[in-house]
Amino acid sequence: MPALRPVLLLVLLLSGLTATARDALPPAVAQALARARVPAEAVSIVVEEAGSPGRALLSHRAGSPMNPASVMKLVTTLAGLEALGPTWTWKTPVYIEGTAREGTLYGNVYIQGQGDPKLVAERLWLLLRRVQGLDIRNIAGDIVLDRSAFEVPAVDPGEFDGEPLRPYNAAPDALLLNFKSVLMTFVPDRGANAAHVHVEPPLAGVAWPTHVPLRETECNDYRGALRADFSDPLRPRFAGRYPAACGEKVWPLAWADPVSYGPRAIEGMWRAIGGQLQGRVREGRVPEGLSPAFALESPPLAELVRDINKYSNNVMTQQLFLTLSLQQQGQGTVAASRELLRAWWRERFGAGEEPLISNGAGLSREDRISAAALARLLQYAWTSPLMPELMSSLPIGGLDGTLRPSRWRAEGSAHLKTGSLRDVAAIAGYVHSPDGRRYVLVAVVNHPNANAVRPALEALVEWTARQGGAKVSRKTR
């Protein structure tokens, strides 16, 4: 026995070294985190081969509940695809009350919102043109907007981050028009020494500047150079000058008075296409017993899920989130949609790692989910008939969406949903290796320096792509 002690001691020492090696994050990842001054304790990571759930190549603090920011959209969009189907569409019915004679409607037009996430300016134009196709050019009554399908409490658009004019802070609405936003296009004209200003959609009663003076400077912060003043929503002003070197620029802006946006957009578009209105645009409900004259149909859900995940569209996600309870219970409410998502999760994954979801979009400080739970979701999706729809909705590394070249190195091949908030950075999706294998990858960082960890996340993606057929489990905690 005494002779065996040195051998036993050597085995124990080697075991200790092996455990230490397993505990280390990939060196490039660890080094990038150190440069960002983000400790390993603020990071959760799971890397698994797709189709082999639970067999981790890398698992670091996988069970810790984390704020995933917009990565939470994966839960909402997959649940939506399963509950509604990839070809499902929203319909916006239009009702005509009264009689139309010689181009005049002696009555009202009712537009009933049903949650369409993409009733943007061009589709609003089409809807109103279809009204004109019913031999209605002049409406002697009112245009009535029925927004009762969703029950959404009034919110301050600047409450979340103090940025009320950012389109991502637009609140959901049963009749969501153009994300309650405008697009301001600036086109410099050196001959006139001014930039032409064009705004879509037209908003009734709003007087936009048609020109802004040019200045011959480098194109840096053109928005700051304009010195915009939106304090009076009806009279926007630019006190500065537009840098000619910027060329054409488009500035998306959430309307400063979101409550009045719908009526102003409807009336502005109706008049822009030659329609006349003797009454007004107001809110109300469709009278009982009135049948729709027609319904405008949205693109299919699978197409809209691409918009949601590629570009991390918050309000579109919330529209889908509320539609889940609208379809199940006849009205879309936050509480009912939360419970439906919880029930959907429990049915597939049990209650042990149930996520905490506020609004379905991840635009919340309270949301929580673990990297392990997200990996289970992605593994489940991998074997689902809906896998092609979900994967094709994810940004492609270095090519499009939130992973376009200006934001991500075009190395390797990956489809990854991104998430970012103050103190949060996250990615989750699938990484493809040169030998044809595919891996599930989830990484979430919750730390004040989270906005500096992109090099670490890029290094993790590259490390994953290099794994090839490696199946050695590496656990750090």
# chains A, B, ... in the order shown; residues from 1 in each chain; ligands from 1

$ residues_around --residues "segment 189-205 of chain A" --least-positions-apart "3" --cutoff "7 Å" --atoms "only C-alpha atoms" --output "number ranges by chain"
A: 121, 182-186, 209-214, 234, 242, 264-265, 267-269

$ residues_around --residues "segment 428-436 of chain A" --least-positions-apart "5" --cutoff "9 Å" --atoms "only C-alpha atoms" --output "list in words"
Ala50, Val71, Leu74, Ala371, Leu374, Ala375, Leu378, Met391, Leu394, Gly412, Ser413, Ala414, His415, Leu416, Lys417, Thr418, Gly419, Leu441, Val442, Ala443, Val444, Val461, Glu462, Thr464, Ala465, Arg466, Gln467, Gly468 and Gly469 of chain A

$ write_last_selection --atoms "N, CA and C atoms" --output "CSV table (one decimal), in the first residue's frame"
chain,number,residue,atom,x,y,z
A,50,ALA,N,-26.0,20.9,-32.0
A,50,ALA,CA,-27.5,20.8,-32.3
A,50,ALA,C,-27.9,19.4,-32.4
A,71,VAL,N,-33.1,38.9,-26.8
A,71,VAL,CA,-33.0,37.5,-27.0
A,71,VAL,C,-34.3,36.8,-26.6
A,74,LEU,N,-37.0,35.2,-28.9
A,74,LEU,CA,-37.0,33.9,-29.4
A,74,LEU,C,-38.2,33.1,-28.8
A,371,ALA,N,-29.3,30.7,-19.5
A,371,ALA,CA,-28.7,30.3,-20.7
A,371,ALA,C,-29.1,28.8,-21.0
A,374,LEU,N,-32.6,28.8,-22.5
A,374,LEU,CA,-32.6,29.2,-23.9
A,374,LEU,C,-32.0,28.2,-24.8
A,375,ALA,N,-31.0,27.4,-24.3
A,375,ALA,CA,-30.4,26.3,-25.1
A,375,ALA,C,-31.4,25.2,-25.3
A,378,LEU,N,-33.7,26.4,-28.1
A,378,LEU,CA,-33.1,26.2,-29.4
A,378,LEU,C,-33.0,24.8,-29.8
A,391,MET,N,-35.0,29.7,-37.9
A,391,MET,CA,-33.6,30.0,-38.2
A,391,MET,C,-33.4,31.1,-39.3
A,394,LEU,N,-33.3,34.7,-38.1
A,394,LEU,CA,-32.2,35.2,-37.2
A,394,LEU,C,-31.2,35.9,-38.1
A,412,GLY,N,-16.8,33.2,-40.2
A,412,GLY,CA,-17.6,32.0,-39.7
A,412,GLY,C,-19.0,32.1,-40.3
A,413,SER,N,-19.9,31.3,-39.8
A,413,SER,CA,-21.3,31.3,-40.3
A,413,SER,C,-22.2,31.1,-39.1
A,414,ALA,N,-23.0,32.0,-38.9
A,414,ALA,CA,-23.9,31.9,-37.7
A,414,ALA,C,-25.2,32.6,-37.9
A,415,HIS,N,-26.3,32.1,-37.4
A,415,HIS,CA,-27.6,32.7,-37.3
A,415,HIS,C,-27.8,33.0,-35.8
A,416,LEU,N,-27.8,34.3,-35.4
A,416,LEU,CA,-27.9,34.6,-34.0
A,416,LEU,C,-28.8,35.7,-33.7
A,417,LYS,N,-29.7,35.6,-32.8
A,417,LYS,CA,-30.5,36.7,-32.3
A,417,LYS,C,-29.7,37.4,-31.3
A,418,THR,N,-29.7,38.7,-31.4
A,418,THR,CA,-28.9,39.6,-30.5
A,418,THR,C,-29.9,40.3,-29.5
A,419,GLY,N,-29.3,40.7,-28.4
A,419,GLY,CA,-30.0,41.5,-27.4
A,419,GLY,C,-29.1,42.5,-26.7
A,441,LEU,N,-25.7,27.9,-29.5
A,441,LEU,CA,-24.9,28.8,-28.7
A,441,LEU,C,-25.7,29.9,-28.0
A,442,VAL,N,-25.5,30.0,-26.7
A,442,VAL,CA,-26.2,31.1,-25.9
A,442,VAL,C,-25.1,31.7,-25.1
A,443,ALA,N,-25.1,33.1,-25.1
A,443,ALA,CA,-24.2,33.8,-24.2
A,443,ALA,C,-24.9,35.1,-23.8
A,444,VAL,N,-24.9,35.3,-22.5
A,444,VAL,CA,-25.6,36.4,-21.9
A,444,VAL,C,-24.7,37.1,-20.9
A,461,VAL,N,-18.1,32.9,-30.8
A,461,VAL,CA,-18.7,32.4,-32.0
A,461,VAL,C,-17.6,31.7,-32.9
A,462,GLU,N,-16.4,32.3,-33.0
A,462,GLU,CA,-15.3,31.7,-33.8
A,462,GLU,C,-14.8,30.5,-33.1
A,464,THR,N,-16.6,28.4,-31.3
A,464,THR,CA,-17.6,27.4,-31.5
A,464,THR,C,-17.5,26.8,-32.9
A,465,ALA,N,-17.3,27.7,-33.9
A,465,ALA,CA,-17.2,27.2,-35.3
A,465,ALA,C,-16.0,26.3,-35.5
A,466,ARG,N,-15.0,26.5,-34.7
A,466,ARG,CA,-13.7,25.7,-34.9
A,466,ARG,C,-13.8,24.3,-34.2
A,467,GLN,N,-14.9,24.1,-33.5
A,467,GLN,CA,-15.0,22.9,-32.7
A,467,GLN,C,-15.1,21.6,-33.5
A,468,GLY,N,-15.6,21.8,-34.8
A,468,GLY,CA,-15.7,20.6,-35.6
A,468,GLY,C,-16.5,19.5,-34.9
A,469,GLY,N,-15.9,18.3,-34.8
A,469,GLY,CA,-16.6,17.2,-34.2
A,469,GLY,C,-16.3,17.1,-32.7

$ select_by_dssp --residues "segment 206-414 of chain A" --states "helix (DSSP H, G or I)" --output "PyMOL selection string"
chain A and resi 222-226+244-246+258-272+301-311+314-329+334-349+371-382+387-392+401-403

$ residues_around --residues "Ser337 of chain A" --least-positions-apart "3" --cutoff "7 Å" --atoms "only C-alpha atoms" --output "VMD selection string"
chain A and resid 321 to 322 324 to 325 333 to 334 340 to 341

$ residues_around --residues "Val144 of chain A" --least-positions-apart "4" --cutoff "7 Å" --atoms "only C-alpha atoms" --output "list in words"
Val109, Tyr110, Ile111, Val281, Arg282, Glu283 and Gly284 of chain A

$ write_last_selection --atoms "N, CA and C atoms" --output "PDB file, in the first residue's frame"
ATOM      1  N   VAL A 109     -67.069  55.564 -42.175  1.00  0.00           N
ATOM      2  CA  VAL A 109     -66.159  54.452 -42.453  1.00  0.00           C
ATOM      3  C   VAL A 109     -65.552  54.017 -41.127  1.00  0.00           C
ATOM      4  N   TYR A 110     -65.575  52.706 -40.861  1.00  0.00           N
ATOM      5  CA  TYR A 110     -64.990  52.155 -39.638  1.00  0.00           C
ATOM      6  C   TYR A 110     -63.787  51.284 -40.011  1.00  0.00           C
ATOM      7  N   ILE A 111     -62.671  51.512 -39.340  1.00  0.00           N
ATOM      8  CA  ILE A 111     -61.472  50.687 -39.521  1.00  0.00           C
ATOM      9  C   ILE A 111     -61.204  50.003 -38.187  1.00  0.00           C
ATOM     10  N   VAL A 281     -61.756  62.350 -38.036  1.00  0.00           N
ATOM     11  CA  VAL A 281     -61.281  61.019 -37.668  1.00  0.00           C
ATOM     12  C   VAL A 281     -61.344  60.923 -36.151  1.00  0.00           C
ATOM     13  N   ARG A 282     -62.030  59.921 -35.662  1.00  0.00           N
ATOM     14  CA  ARG A 282     -62.225  59.777 -34.223  1.00  0.00           C
ATOM     15  C   ARG A 282     -62.184  58.313 -33.826  1.00  0.00           C
ATOM     16  N   GLU A 283     -62.096  58.069 -32.535  1.00  0.00           N
ATOM     17  CA  GLU A 283     -62.141  56.703 -32.020  1.00  0.00           C
ATOM     18  C   GLU A 283     -63.575  56.300 -31.737  1.00  0.00           C
ATOM     19  N   GLY A 284     -63.842  55.011 -31.836  1.00  0.00           N
ATOM     20  CA  GLY A 284     -65.170  54.487 -31.558  1.00  0.00           C
ATOM     21  C   GLY A 284     -65.185  52.992 -31.824  1.00  0.00           C
TER      22      GLY A 284
END

$ atom_distance --atom1 "atom CA of Val155 of chain A" --atom2 "atom CA of Leu177 of chain A"
17.3 Å

$ closest_residue --among "A:Val424, A:Ala244, A:Leu128, A:Leu390" --to "Gly274 of chain A" --atoms "only C-alpha atoms"
A:Leu128

$ atom_distance --atom1 "atom CA of Gly362 of chain A" --atom2 "atom CA of Met316 of chain A"
12.1 Å

$ atom_distance --atom1 "atom CA of Met72 of chain A" --atom2 "atom CA of Asn169 of chain A"
16.4 Å

$ residues_around --residues "Ala207 of chain A" --least-positions-apart "6" --cutoff "10 Å" --atoms "only C-alpha atoms" --output "list in words"
Pro233, Leu234, Arg235, Pro236 and Arg237 of chain A

$ closest_residue --among "A:Val259, A:Ala79, A:Ala174, A:Val29" --to "Thr92 of chain A" --atoms "only C-alpha atoms"
A:Ala174

$ residues_around --residues "Thr77 of chain A" --least-positions-apart "4" --cutoff "12 Å" --atoms "only C-alpha atoms" --output "short mmCIF file (atom, residue, chain, number, x, y, z; two decimals) with N, CA and C atoms, in the first residue's frame"
data_model
loop_
_atom_site.label_atom_id
_atom_site.label_comp_id
_atom_site.auth_asym_id
_atom_site.auth_seq_id
_atom_site.Cartn_x
_atom_site.Cartn_y
_atom_site.Cartn_z
N SER A 70 -33.31 41.50 -25.84
CA SER A 70 -34.15 41.10 -26.97
C SER A 70 -34.04 39.64 -27.36
N VAL A 71 -33.10 38.91 -26.79
CA VAL A 71 -33.05 37.47 -27.04
C VAL A 71 -34.35 36.79 -26.57
N MET A 72 -35.07 37.45 -25.65
CA MET A 72 -36.36 36.91 -25.21
C MET A 72 -37.36 36.81 -26.36
N LYS A 73 -37.12 37.54 -27.44
CA LYS A 73 -38.01 37.45 -28.61
C LYS A 73 -38.05 36.03 -29.18
N LEU A 81 -45.30 31.14 -33.70
CA LEU A 81 -45.30 30.27 -34.88
C LEU A 81 -46.04 28.97 -34.60
N GLU A 82 -45.86 28.43 -33.39
CA GLU A 82 -46.55 27.18 -33.05
C GLU A 82 -48.05 27.40 -32.84
N ALA A 83 -48.40 28.47 -32.14
CA ALA A 83 -49.80 28.69 -31.79
C ALA A 83 -50.64 29.12 -33.00
N LEU A 84 -50.06 29.95 -33.88
CA LEU A 84 -50.82 30.52 -34.98
C LEU A 84 -50.52 29.87 -36.33
N GLY A 85 -49.30 29.36 -36.49
CA GLY A 85 -48.89 28.76 -37.75
C GLY A 85 -48.14 29.76 -38.62
N PRO A 86 -47.17 29.29 -39.40
CA PRO A 86 -46.31 30.20 -40.17
C PRO A 86 -47.04 30.95 -41.28
N LEU A 301 -47.23 35.28 -41.08
CA LEU A 301 -46.49 35.40 -39.82
C LEU A 301 -45.01 35.08 -40.00
N ALA A 302 -44.67 34.05 -40.76
CA ALA A 302 -43.26 33.69 -40.92
C ALA A 302 -42.46 34.86 -41.48
N GLU A 303 -43.06 35.63 -42.39
CA GLU A 303 -42.37 36.78 -42.96
C GLU A 303 -42.20 37.88 -41.91
N LEU A 304 -43.23 38.09 -41.09
CA LEU A 304 -43.14 39.13 -40.07
C LEU A 304 -42.20 38.74 -38.94
N VAL A 305 -42.10 37.43 -38.64
CA VAL A 305 -41.13 36.98 -37.65
C VAL A 305 -39.72 37.29 -38.10
N ARG A 306 -39.47 37.26 -39.40
CA ARG A 306 -38.16 37.66 -39.92
C ARG A 306 -37.88 39.12 -39.60
N ASP A 307 -38.88 39.98 -39.81
CA ASP A 307 -38.70 41.39 -39.46
C ASP A 307 -38.43 41.56 -37.96
N ILE A 308 -39.16 40.80 -37.15
CA ILE A 308 -39.01 40.92 -35.69
C ILE A 308 -37.60 40.54 -35.26
N ASN A 309 -37.13 39.38 -35.68
CA ASN A 309 -35.85 38.89 -35.18
C ASN A 309 -34.65 39.48 -35.89
N LYS A 310 -34.75 39.69 -37.21
CA LYS A 310 -33.62 40.27 -37.93
C LYS A 310 -33.28 41.66 -37.39
N SER A 312 -34.86 43.13 -34.62
CA SER A 312 -35.19 43.24 -33.19
C SER A 312 -36.27 44.30 -32.96
N ASN A 313 -37.37 44.16 -33.70
CA ASN A 313 -38.46 45.14 -33.63
C ASN A 313 -39.31 44.88 -32.39
N ASN A 314 -39.25 45.81 -31.44
CA ASN A 314 -39.93 45.61 -30.16
C ASN A 314 -41.45 45.68 -30.28
N MET A 316 -43.42 45.28 -32.87
CA MET A 316 -43.98 44.16 -33.62
C MET A 316 -44.06 42.92 -32.74
N THR A 317 -43.04 42.70 -31.91
CA THR A 317 -43.08 41.55 -31.00
C THR A 317 -44.23 41.67 -30.02
N GLN A 318 -44.43 42.87 -29.48
CA GLN A 318 -45.52 43.06 -28.54
C GLN A 318 -46.88 42.89 -29.21
N GLN A 319 -46.98 43.25 -30.49
CA GLN A 319 -48.22 43.00 -31.23
C GLN A 319 -48.50 41.50 -31.31
N LEU A 320 -47.47 40.71 -31.62
CA LEU A 320 -47.62 39.25 -31.67
C LEU A 320 -47.96 38.70 -30.29
N PHE A 321 -47.28 39.18 -29.27
CA PHE A 321 -47.50 38.76 -27.89
C PHE A 321 -48.97 38.96 -27.50
N LEU A 322 -49.54 40.13 -27.78
CA LEU A 322 -50.93 40.41 -27.42
C LEU A 322 -51.91 39.67 -28.32
N THR A 323 -51.48 39.37 -29.55
CA THR A 323 -52.35 38.61 -30.45
C THR A 323 -52.60 37.20 -29.93
N LEU A 324 -51.64 36.64 -29.20
CA LEU A 324 -51.84 35.30 -28.65
C LEU A 324 -53.09 35.24 -27.79
N LEU A 341 -47.99 32.31 -22.52
CA LEU A 341 -46.60 31.96 -22.77
C LEU A 341 -46.06 31.04 -21.68
N GLY A 360 -42.87 40.25 -23.73
CA GLY A 360 -42.58 39.40 -24.88
C GLY A 360 -41.45 39.89 -25.76
N ALA A 361 -41.06 41.16 -25.61
CA ALA A 361 -40.05 41.73 -26.49
C ALA A 361 -38.67 41.80 -25.87
N GLY A 362 -38.57 41.63 -24.54
CA GLY A 362 -37.29 41.78 -23.87
C GLY A 362 -36.95 43.21 -23.53
N LEU A 377 -34.64 25.67 -25.48
CA LEU A 377 -35.57 26.20 -26.47
C LEU A 377 -35.02 26.02 -27.88
N LEU A 378 -33.74 26.36 -28.07
CA LEU A 378 -33.12 26.24 -29.39
C LEU A 378 -32.97 24.79 -29.82
N ALA A 381 -36.42 23.78 -30.92
CA ALA A 381 -36.72 24.34 -32.23
C ALA A 381 -35.98 23.60 -33.34
N LEU A 386 -40.89 23.72 -37.64
CA LEU A 386 -40.79 25.16 -37.82
C LEU A 386 -39.34 25.65 -37.78
N MET A 387 -38.37 24.74 -37.64
CA MET A 387 -36.97 25.15 -37.55
C MET A 387 -36.54 26.04 -38.71
N GLU A 389 -38.22 28.18 -40.47
CA GLU A 389 -38.79 29.51 -40.32
C GLU A 389 -38.07 30.29 -39.22
N LEU A 390 -37.81 29.63 -38.09
CA LEU A 390 -37.14 30.33 -36.99
C LEU A 390 -35.70 30.67 -37.36
N MET A 391 -34.96 29.72 -37.92
CA MET A 391 -33.56 29.99 -38.23
C MET A 391 -33.43 31.08 -39.28
N SER A 393 -35.18 33.54 -39.66
CA SER A 393 -35.51 34.85 -39.10
C SER A 393 -34.35 35.47 -38.33
N LEU A 394 -33.31 34.69 -38.05
CA LEU A 394 -32.20 35.19 -37.23
C LEU A 394 -31.18 35.94 -38.08
N LYS A 417 -29.73 35.55 -32.77
CA LYS A 417 -30.53 36.67 -32.26
C LYS A 417 -29.67 37.43 -31.28
#

$ decode --residues "segment 295-313 of chain A" --atoms "N, CA and C atoms" --output "short mmCIF file (atom, residue, chain, number, x, y, z; two decimals), in the first residue's frame"
data_model
loop_
_atom_site.label_atom_id
_atom_site.label_comp_id
_atom_site.auth_asym_id
_atom_site.auth_seq_id
_atom_site.Cartn_x
_atom_site.Cartn_y
_atom_site.Cartn_z
N ALA A 295 -61.40 43.35 -46.00
CA ALA A 295 -60.38 43.29 -44.95
C ALA A 295 -59.01 43.30 -45.60
N LEU A 296 -58.13 44.13 -45.10
CA LEU A 296 -56.75 44.17 -45.57
C LEU A 296 -55.96 43.11 -44.83
N GLU A 297 -55.27 42.25 -45.58
CA GLU A 297 -54.56 41.11 -44.99
C GLU A 297 -53.06 41.40 -44.90
N SER A 298 -52.46 41.02 -43.78
CA SER A 298 -51.03 41.23 -43.57
C SER A 298 -50.21 40.19 -44.32
N PRO A 299 -48.90 40.40 -44.45
CA PRO A 299 -48.03 39.31 -44.89
C PRO A 299 -48.11 38.15 -43.89
N PRO A 300 -47.70 36.94 -44.28
CA PRO A 300 -47.78 35.79 -43.36
C PRO A 300 -46.86 35.96 -42.15
N LEU A 301 -47.23 35.28 -41.08
CA LEU A 301 -46.49 35.40 -39.82
C LEU A 301 -45.01 35.08 -40.00
N ALA A 302 -44.67 34.05 -40.76
CA ALA A 302 -43.26 33.69 -40.92
C ALA A 302 -42.46 34.86 -41.48
N GLU A 303 -43.06 35.63 -42.39
CA GLU A 303 -42.37 36.78 -42.96
C GLU A 303 -42.20 37.88 -41.91
N LEU A 304 -43.23 38.09 -41.09
CA LEU A 304 -43.14 39.13 -40.07
C LEU A 304 -42.20 38.74 -38.94
N VAL A 305 -42.10 37.43 -38.64
CA VAL A 305 -41.13 36.98 -37.65
C VAL A 305 -39.72 37.29 -38.10
N ARG A 306 -39.47 37.26 -39.40
CA ARG A 306 -38.16 37.66 -39.92
C ARG A 306 -37.88 39.12 -39.60
N ASP A 307 -38.88 39.98 -39.81
CA ASP A 307 -38.70 41.39 -39.46
C ASP A 307 -38.43 41.56 -37.96
N ILE A 308 -39.16 40.80 -37.15
CA ILE A 308 -39.01 40.92 -35.69
C ILE A 308 -37.60 40.54 -35.26
N ASN A 309 -37.13 39.38 -35.68
CA ASN A 309 -35.85 38.89 -35.18
C ASN A 309 -34.65 39.48 -35.89
N LYS A 310 -34.75 39.69 -37.21
CA LYS A 310 -33.62 40.27 -37.93
C LYS A 310 -33.28 41.66 -37.39
N TYR A 311 -34.34 42.45 -37.15
CA TYR A 311 -34.12 43.86 -36.80
C TYR A 311 -34.53 44.16 -35.36
N SER A 312 -34.86 43.13 -34.62
CA SER A 312 -35.19 43.24 -33.19
C SER A 312 -36.27 44.30 -32.96
N ASN A 313 -37.37 44.16 -33.70
CA ASN A 313 -38.46 45.14 -33.63
C ASN A 313 -39.31 44.88 -32.39
#
